[in-house]
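Chemist: Input: one structure, supplied below.
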Amino acid sequence: MTSLDQFVGNIRQLSIDGKFSDLAQTLTNPNIDHLSKNIQHIDSIIATFTLPEHSMCMLAGLHAITKAPNIPDFDLFLTQVDTFIQTCSAEQVHYLPQYLCEICHAITERLRKENRARVGIPILYRAIELLRRELGQLLSIHSDLYQLCLLCQWFEPALTYLDIDIIDINRENGKFDVKHLLLAYYYGGMIYACIKQFDRAANFFENVITVPATATSAIVIEAYKKYVLVKLISGSISNTQLPTYTSRTVQQAVKSLCGAQYTELFNIFNNGTLIQFDEFVNHHREQYARDRNLGLIKQTRNAFICNSIQQLTKTFLTVSLKDLANRLQLQSTNEAEKYLIDMIENGQIFASINKKDGMVIFHGSPEKFDANNMLLKLQDETEKRMLAEKQLRELERQISLSKTYIQRTQQSSPYHDRPKVLN
């Protein structure tokens, strides 16, 4: 009997006996990695494992295939992985979550290169449902799912998870890489920007920027560029200052690497004219094109015009369309009327247009804050904040009981190095 036969027999027996902890330790031991070393026999080895009884053994076999230089029949491999996810034992897979995540990473990269993103979305979706232990738990393969959804513009599967706030991270047996946290929020922000939920997009990009860091990644730099633009589009940015809890390293990096193309745009948006805005954008158009932000820049221009109209509502009660178009530096009164109608329909301003004499009349907000829908909204927001407080208290409790935290606080105590008093 060869060492490979002995190894396969051993892991099968551990699986039959239900010794899953020992099995996981054996399969992850780099000194006895017989599956990867005998990749030429992997198909016949996998055929000996039945599901769901030998789920962990099958998972290790599929994982070994991804470590090979090339997957010869990739479509067959996709079928094997999908079948495994739908028929395996969740209990066993939870002992080796990092293996399934690494398989999904390999699938995502291959499908991205082959421009077949849509094929992988159902597989990754089912993998997440298999691995996550609670609704708000983040896995590294969330970023893979969001990337594929972006590539094929199919956002519904991603939004299933994006609309749920993250309260926990699956450590994947210590294999979770912070890169996937950054990418999950970065791709999530891009998806929300695509569906024009700019406030939510800004929140996701801000999460990328404010992750504690001693070095700045390219992901953070790109997130900052989009963060500035979606903030301007949403009209919720008051200054260019990042949150105070942003790493100093990140703050310095974005100032030096993003340059005037983004930081100066803020000043023009708030204090400049439309002609100045257009001249600035045209001057830096190549940079915006390289950053793939021309679409957001176009929407920022629309937001600039809408912001200018909102400022005029604070100055005028009535104004002619011609005067409005001149003040906004628009090409015609028809263009000015188009922006006004869109803003009225979207509830951004309250106004009426008298086409007979070409006048615009601005009104105050008709909102009655004692209406039922406003009370329901207030109740919903209150419940969300109460839930967030509850989650924060639970996280605080877990941290206070953490051995690592207790050791560090004891080491930093001024009494730590004092000699013990002998009785």
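Chain lettering (A, B, ...) mirrors the order of the structure tokens, residue numbering begins at 1 for each chain separately, and ligand numbering begins at 1 in order of display.
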Skipping near chain neighbours, those fewer than 2 positions away, what residues fall within 7 Å of region 32-40 of chain A using only C-alpha atoms, listed as a PyMOL selection string?

Modeler: chain A and resi 4+29-30+42+61+64-65

Chemist: Would you write out those residues with N, CA and C atoms, as a PDB file, in the first residue's frame?

Modeler:
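Okay, again.pdb is ready:
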```pdb
ATOM      1  N   LEU A   4       0.022   7.337  -0.370  1.00  0.00           N
ATOM      2  CA  LEU A   4      -1.208   8.012  -0.779  1.00  0.00           C
ATOM      3  C   LEU A   4      -2.427   7.200  -0.375  1.00  0.00           C
ATOM      4  N   ASN A  29      -2.345  19.972   7.450  1.00  0.00           N
ATOM      5  CA  ASN A  29      -0.929  19.801   7.793  1.00  0.00           C
ATOM      6  C   ASN A  29      -0.087  19.862   6.517  1.00  0.00           C
ATOM      7  N   PRO A  30       0.756  20.897   6.348  1.00  0.00           N
ATOM      8  CA  PRO A  30       1.525  21.025   5.104  1.00  0.00           C
ATOM      9  C   PRO A  30       2.564  19.922   4.912  1.00  0.00           C
ATOM     10  N   ILE A  42      -6.086  12.982  -8.648  1.00  0.00           N
ATOM     11  CA  ILE A  42      -7.099  13.610  -7.797  1.00  0.00           C
ATOM     12  C   ILE A  42      -8.523  13.228  -8.197  1.00  0.00           C
ATOM     13  N   GLY A  61     -10.054  17.689  -1.556  1.00  0.00           N
ATOM     14  CA  GLY A  61      -9.703  17.288  -2.911  1.00  0.00           C
ATOM     15  C   GLY A  61      -9.947  18.401  -3.918  1.00  0.00           C
ATOM     16  N   ALA A  64      -7.335  21.061  -3.522  1.00  0.00           N
ATOM     17  CA  ALA A  64      -6.049  20.671  -4.112  1.00  0.00           C
ATOM     18  C   ALA A  64      -6.016  20.977  -5.608  1.00  0.00           C
ATOM     19  N   ILE A  65      -7.159  20.842  -6.273  1.00  0.00           N
ATOM     20  CA  ILE A  65      -7.226  21.128  -7.715  1.00  0.00           C
ATOM     21  C   ILE A  65      -6.904  22.594  -7.981  1.00  0.00           C
TER      22      ILE A  65
END
```

Chemist: So which residues touch Glu53 (chain A) within 8 Å, counting only C-alpha atoms, skipping near sequence neighbours fewer than 3 positions away, as a list in words?

Modeler: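 In the requested form, the answer reads Ser15, Ile16, Phe49, Thr50, Cys88 and Ser89 of chain A.
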
Chemist: Please build the interface table for region 128-172 of chain A against region 368-392 of chain A with a cut-off of 10 Å, listing for each qualifying residue the nearest atom pair and the distance in Å to one decimal; count only C-alpha atoms, order rows by chain and increasing number, and write it as a tab-separated table.

Modeler:
```
residue	atom	partner	partner_atom	distance
A:Asp165	CA	A:Ala388	CA	9.6
A:Ile167	CA	A:Gln391	CA	7.4
A:Asp168	CA	A:Gln391	CA	9.9
```

Chemist: So which residues of region 261-330 of chain A fall under alpha helix (DSSP H) by DSSP, listed as a PyMOL selection string?

Modeler: chain A and resi 261-271+274-283+285-290+294-313+321-328

Chemist: Where in region 131-351 of chain A does DSSP assign strand (DSSP E), given as a ChimeraX atom specification?

Modeler: /A:137-138,168-169,318-320,351

Chemist: Go ahead and write the selection's residues with N, CA and C atoms as a compact mmCIF listing (two decimals), in the first residue's frame.

Modeler:
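Written out: part-v6.txt:
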```
# COMPACT_ATOMS: atom_id res chain seq x y z
N GLN A 137 -22.83 38.60 9.03
CA GLN A 137 -21.44 38.13 9.03
C GLN A 137 -20.82 38.27 7.64
N LEU A 138 -19.59 38.80 7.61
CA LEU A 138 -18.86 39.00 6.36
C LEU A 138 -17.88 37.87 6.13
N ASP A 168 -20.11 41.28 12.06
CA ASP A 168 -19.14 40.25 12.43
C ASP A 168 -18.38 39.82 11.18
N ILE A 169 -17.16 39.31 11.39
CA ILE A 169 -16.34 38.80 10.30
C ILE A 169 -15.99 37.35 10.61
N THR A 318 -39.39 84.47 -6.53
CA THR A 318 -39.72 84.30 -7.95
C THR A 318 -38.55 84.73 -8.80
N VAL A 319 -38.39 84.07 -9.94
CA VAL A 319 -37.31 84.41 -10.86
C VAL A 319 -37.72 83.94 -12.26
N SER A 320 -37.33 84.68 -13.28
CA SER A 320 -37.67 84.28 -14.64
C SER A 320 -36.76 83.14 -15.11
N ALA A 351 -41.43 74.04 -6.11
CA ALA A 351 -41.60 75.20 -6.98
C ALA A 351 -42.67 74.91 -8.03
```

Chemist: Can you tell me, as a list in words, what residues are no more than 8 Å from Ser332 (chain A) when counting only C-alpha atoms, ignoring any on the same chain fewer than 4 positions away?

Modeler: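 Skipping anything fewer than 4 positions along the chain leaves Lys322, Ala325 and Ala336 of chain A.
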
Chemist: Atoms to include: all heavy atoms. Write the selected residues as a PDB file, in the first residue's frame.

Modeler:
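Printed below is result_12.pdb as written:
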```
ATOM      1  N   LYS A 322     -35.365  82.880 -17.920  1.00  0.00           N
ATOM      2  CA  LYS A 322     -34.227  83.451 -18.627  1.00  0.00           C
ATOM      3  C   LYS A 322     -33.149  83.894 -17.662  1.00  0.00           C
ATOM      4  O   LYS A 322     -31.951  83.626 -17.861  1.00  0.00           O
ATOM      5  CB  LYS A 322     -34.696  84.639 -19.477  1.00  0.00           C
ATOM      6  CG  LYS A 322     -33.586  85.250 -20.325  1.00  0.00           C
ATOM      7  CD  LYS A 322     -34.119  86.383 -21.188  1.00  0.00           C
ATOM      8  CE  LYS A 322     -32.981  86.974 -22.038  1.00  0.00           C
ATOM      9  NZ  LYS A 322     -33.486  88.096 -22.896  1.00  0.00           N
ATOM     10  N   ALA A 325     -31.455  80.794 -16.172  1.00  0.00           N
ATOM     11  CA  ALA A 325     -30.500  80.180 -17.098  1.00  0.00           C
ATOM     12  C   ALA A 325     -29.213  80.990 -17.164  1.00  0.00           C
ATOM     13  O   ALA A 325     -28.111  80.424 -17.208  1.00  0.00           O
ATOM     14  CB  ALA A 325     -31.128  80.056 -18.485  1.00  0.00           C
ATOM     15  N   ALA A 336     -32.724  74.951 -18.483  1.00  0.00           N
ATOM     16  CA  ALA A 336     -33.027  75.335 -17.098  1.00  0.00           C
ATOM     17  C   ALA A 336     -34.355  74.734 -16.653  1.00  0.00           C
ATOM     18  O   ALA A 336     -34.486  74.233 -15.525  1.00  0.00           O
ATOM     19  CB  ALA A 336     -33.072  76.857 -16.989  1.00  0.00           C
TER      20      ALA A 336
END
```

Chemist: So, with only C-alpha atoms as the atoms that count, which of A:Ala193, A:Cys306, A:Lys314, A:Leu100 lies closest to Glu337 (chain A)?

Modeler: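 Residue with the minimum atom-to-atom distance to Glu337 (chain A): A:Cys306.
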
Chemist: Write out as a Markdown table a residue-level contact list of region 189-276 of chain A versus region 151-157 of chain A with cut-off 9 Å: for each qualifying residue the closest pair of atoms and the distance in Å to one decimal, counting only C-alpha atoms, rows sorted by chain and residue number upward.

Modeler:
```
| residue | atom | partner | partner_atom | distance |
| --- | --- | --- | --- | --- |
| A:Ile191 | CA | A:Phe155 | CA | 7.0 |
| A:Cys194 | CA | A:Gln153 | CA | 8.8 |
| A:Ile195 | CA | A:Phe155 | CA | 8.7 |
```

Chemist: Excluding region 112-124 of chain A and residues on its chain fewer than 4 positions from it, collect all residues at most 12 Å away from it, counting only C-alpha atoms, and give them as JSON, numbers by chain.

Modeler: {"A": [74, 75, 77, 78, 79, 80, 81, 82, 83, 84, 85, 86, 100, 101, 102, 103, 104, 105, 106, 107, 108, 128, 129, 130, 131, 132, 139, 140, 141, 142, 143, 144, 145, 146, 147, 148, 149, 150, 151, 152, 153, 154, 155, 156, 157, 158]}

Chemist: Please, could you write that set of residues out with C-alpha atoms as a tab-separated table (two decimals), in the first residue's frame?

Modeler:
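Final file, again_13.tsv:
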```
chain	number	residue	atom	x	y	z
A	74	PHE	CA	-12.75	24.15	-15.71
A	75	ASP	CA	-16.45	23.69	-16.56
A	77	PHE	CA	-14.71	21.68	-11.94
A	78	LEU	CA	-17.48	24.30	-11.67
A	79	THR	CA	-20.08	21.54	-11.78
A	80	GLN	CA	-18.23	19.56	-9.10
A	81	VAL	CA	-18.02	22.59	-6.80
A	82	ASP	CA	-21.67	23.54	-7.31
A	83	THR	CA	-22.80	19.96	-6.64
A	84	PHE	CA	-20.62	19.84	-3.54
A	85	ILE	CA	-22.06	23.08	-2.12
A	86	GLN	CA	-25.63	21.87	-2.60
A	100	LEU	CA	-14.16	26.69	0.26
A	101	CYS	CA	-13.33	30.42	0.24
A	102	GLU	CA	-10.03	29.79	-1.56
A	103	ILE	CA	-11.86	27.65	-4.13
A	104	CYS	CA	-14.31	30.53	-4.70
A	105	HIS	CA	-11.42	33.00	-5.08
A	106	ALA	CA	-9.91	30.80	-7.80
A	107	ILE	CA	-13.27	30.47	-9.58
A	108	THR	CA	-13.83	34.24	-9.47
A	128	ILE	CA	-22.08	32.27	1.26
A	129	GLU	CA	-25.39	30.82	2.43
A	130	LEU	CA	-23.54	27.64	3.39
A	131	LEU	CA	-20.72	29.32	5.34
A	132	ARG	CA	-22.14	32.36	7.08
A	139	LEU	CA	-16.90	36.36	4.45
A	140	SER	CA	-13.98	36.92	2.12
A	141	ILE	CA	-16.09	35.59	-0.77
A	142	HIS	CA	-18.55	38.47	-0.39
A	143	SER	CA	-16.00	40.58	-2.27
A	144	ASP	CA	-15.87	37.94	-5.02
A	145	LEU	CA	-19.65	37.97	-5.39
A	146	TYR	CA	-19.76	41.78	-5.54
A	147	GLN	CA	-17.00	41.85	-8.16
A	148	LEU	CA	-18.82	39.40	-10.43
A	149	CYS	CA	-22.11	41.27	-9.98
A	150	LEU	CA	-20.38	44.49	-11.03
A	151	LEU	CA	-18.78	42.89	-14.07
A	152	CYS	CA	-22.10	41.64	-15.47
A	153	GLN	CA	-24.27	44.45	-14.03
A	154	TRP	CA	-26.50	41.99	-12.14
A	155	PHE	CA	-26.88	43.66	-8.77
A	156	GLU	CA	-29.76	41.84	-7.04
A	157	PRO	CA	-27.69	38.97	-5.57
A	158	ALA	CA	-25.15	41.43	-4.15
```

Chemist: At what distance in Å, to one decimal, does CA of Gln329 (chain A) lie from CA of Val281 (chain A)?

Modeler: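 The value is 16.0 Å.
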
Chemist: Rounded to one decimal place, report the CA of Ala24 (chain A)-CA of Ala127 (chain A) distance in Å.

Modeler: 19.0 Å

Chemist: Quick one: residues within 12 Å of Ala260 (chain A), only C-alpha atoms, excluding same-chain residues fewer than 5 positions away - as a ChimeraX atom specification?

Modeler: /A:225,228,240,254-255,265-268,280-281,283-284,287-288

Chemist: Restricting it to C-alpha atoms, dump the selection as a JSON list (two decimals), in the first residue's frame.

Modeler:
```
[["chain", "number", "residue", "atom", "x", "y", "z"],
["A", 225, "LYS", "CA", -11.57, 59.36, -5.38],
["A", 228, "VAL", "CA", -15.36, 62.68, -3.01],
["A", 240, "THR", "CA", -12.84, 67.86, 2.44],
["A", 254, "VAL", "CA", -4.74, 60.77, -0.24],
["A", 255, "LYS", "CA", -3.52, 64.36, -0.18],
["A", 265, "LEU", "CA", -12.94, 69.90, -7.32],
["A", 266, "PHE", "CA", -14.66, 70.36, -3.97],
["A", 267, "ASN", "CA", -13.77, 74.06, -3.79],
["A", 268, "ILE", "CA", -15.00, 74.70, -7.34],
["A", 280, "PHE", "CA", -11.41, 72.26, -14.60],
["A", 281, "VAL", "CA", -12.96, 68.92, -15.63],
["A", 283, "HIS", "CA", -8.25, 70.04, -18.02],
["A", 284, "HIS", "CA", -8.16, 66.81, -15.95],
["A", 287, "GLN", "CA", -6.94, 61.52, -15.37],
["A", 288, "TYR", "CA", -10.66, 60.98, -14.74]]
```
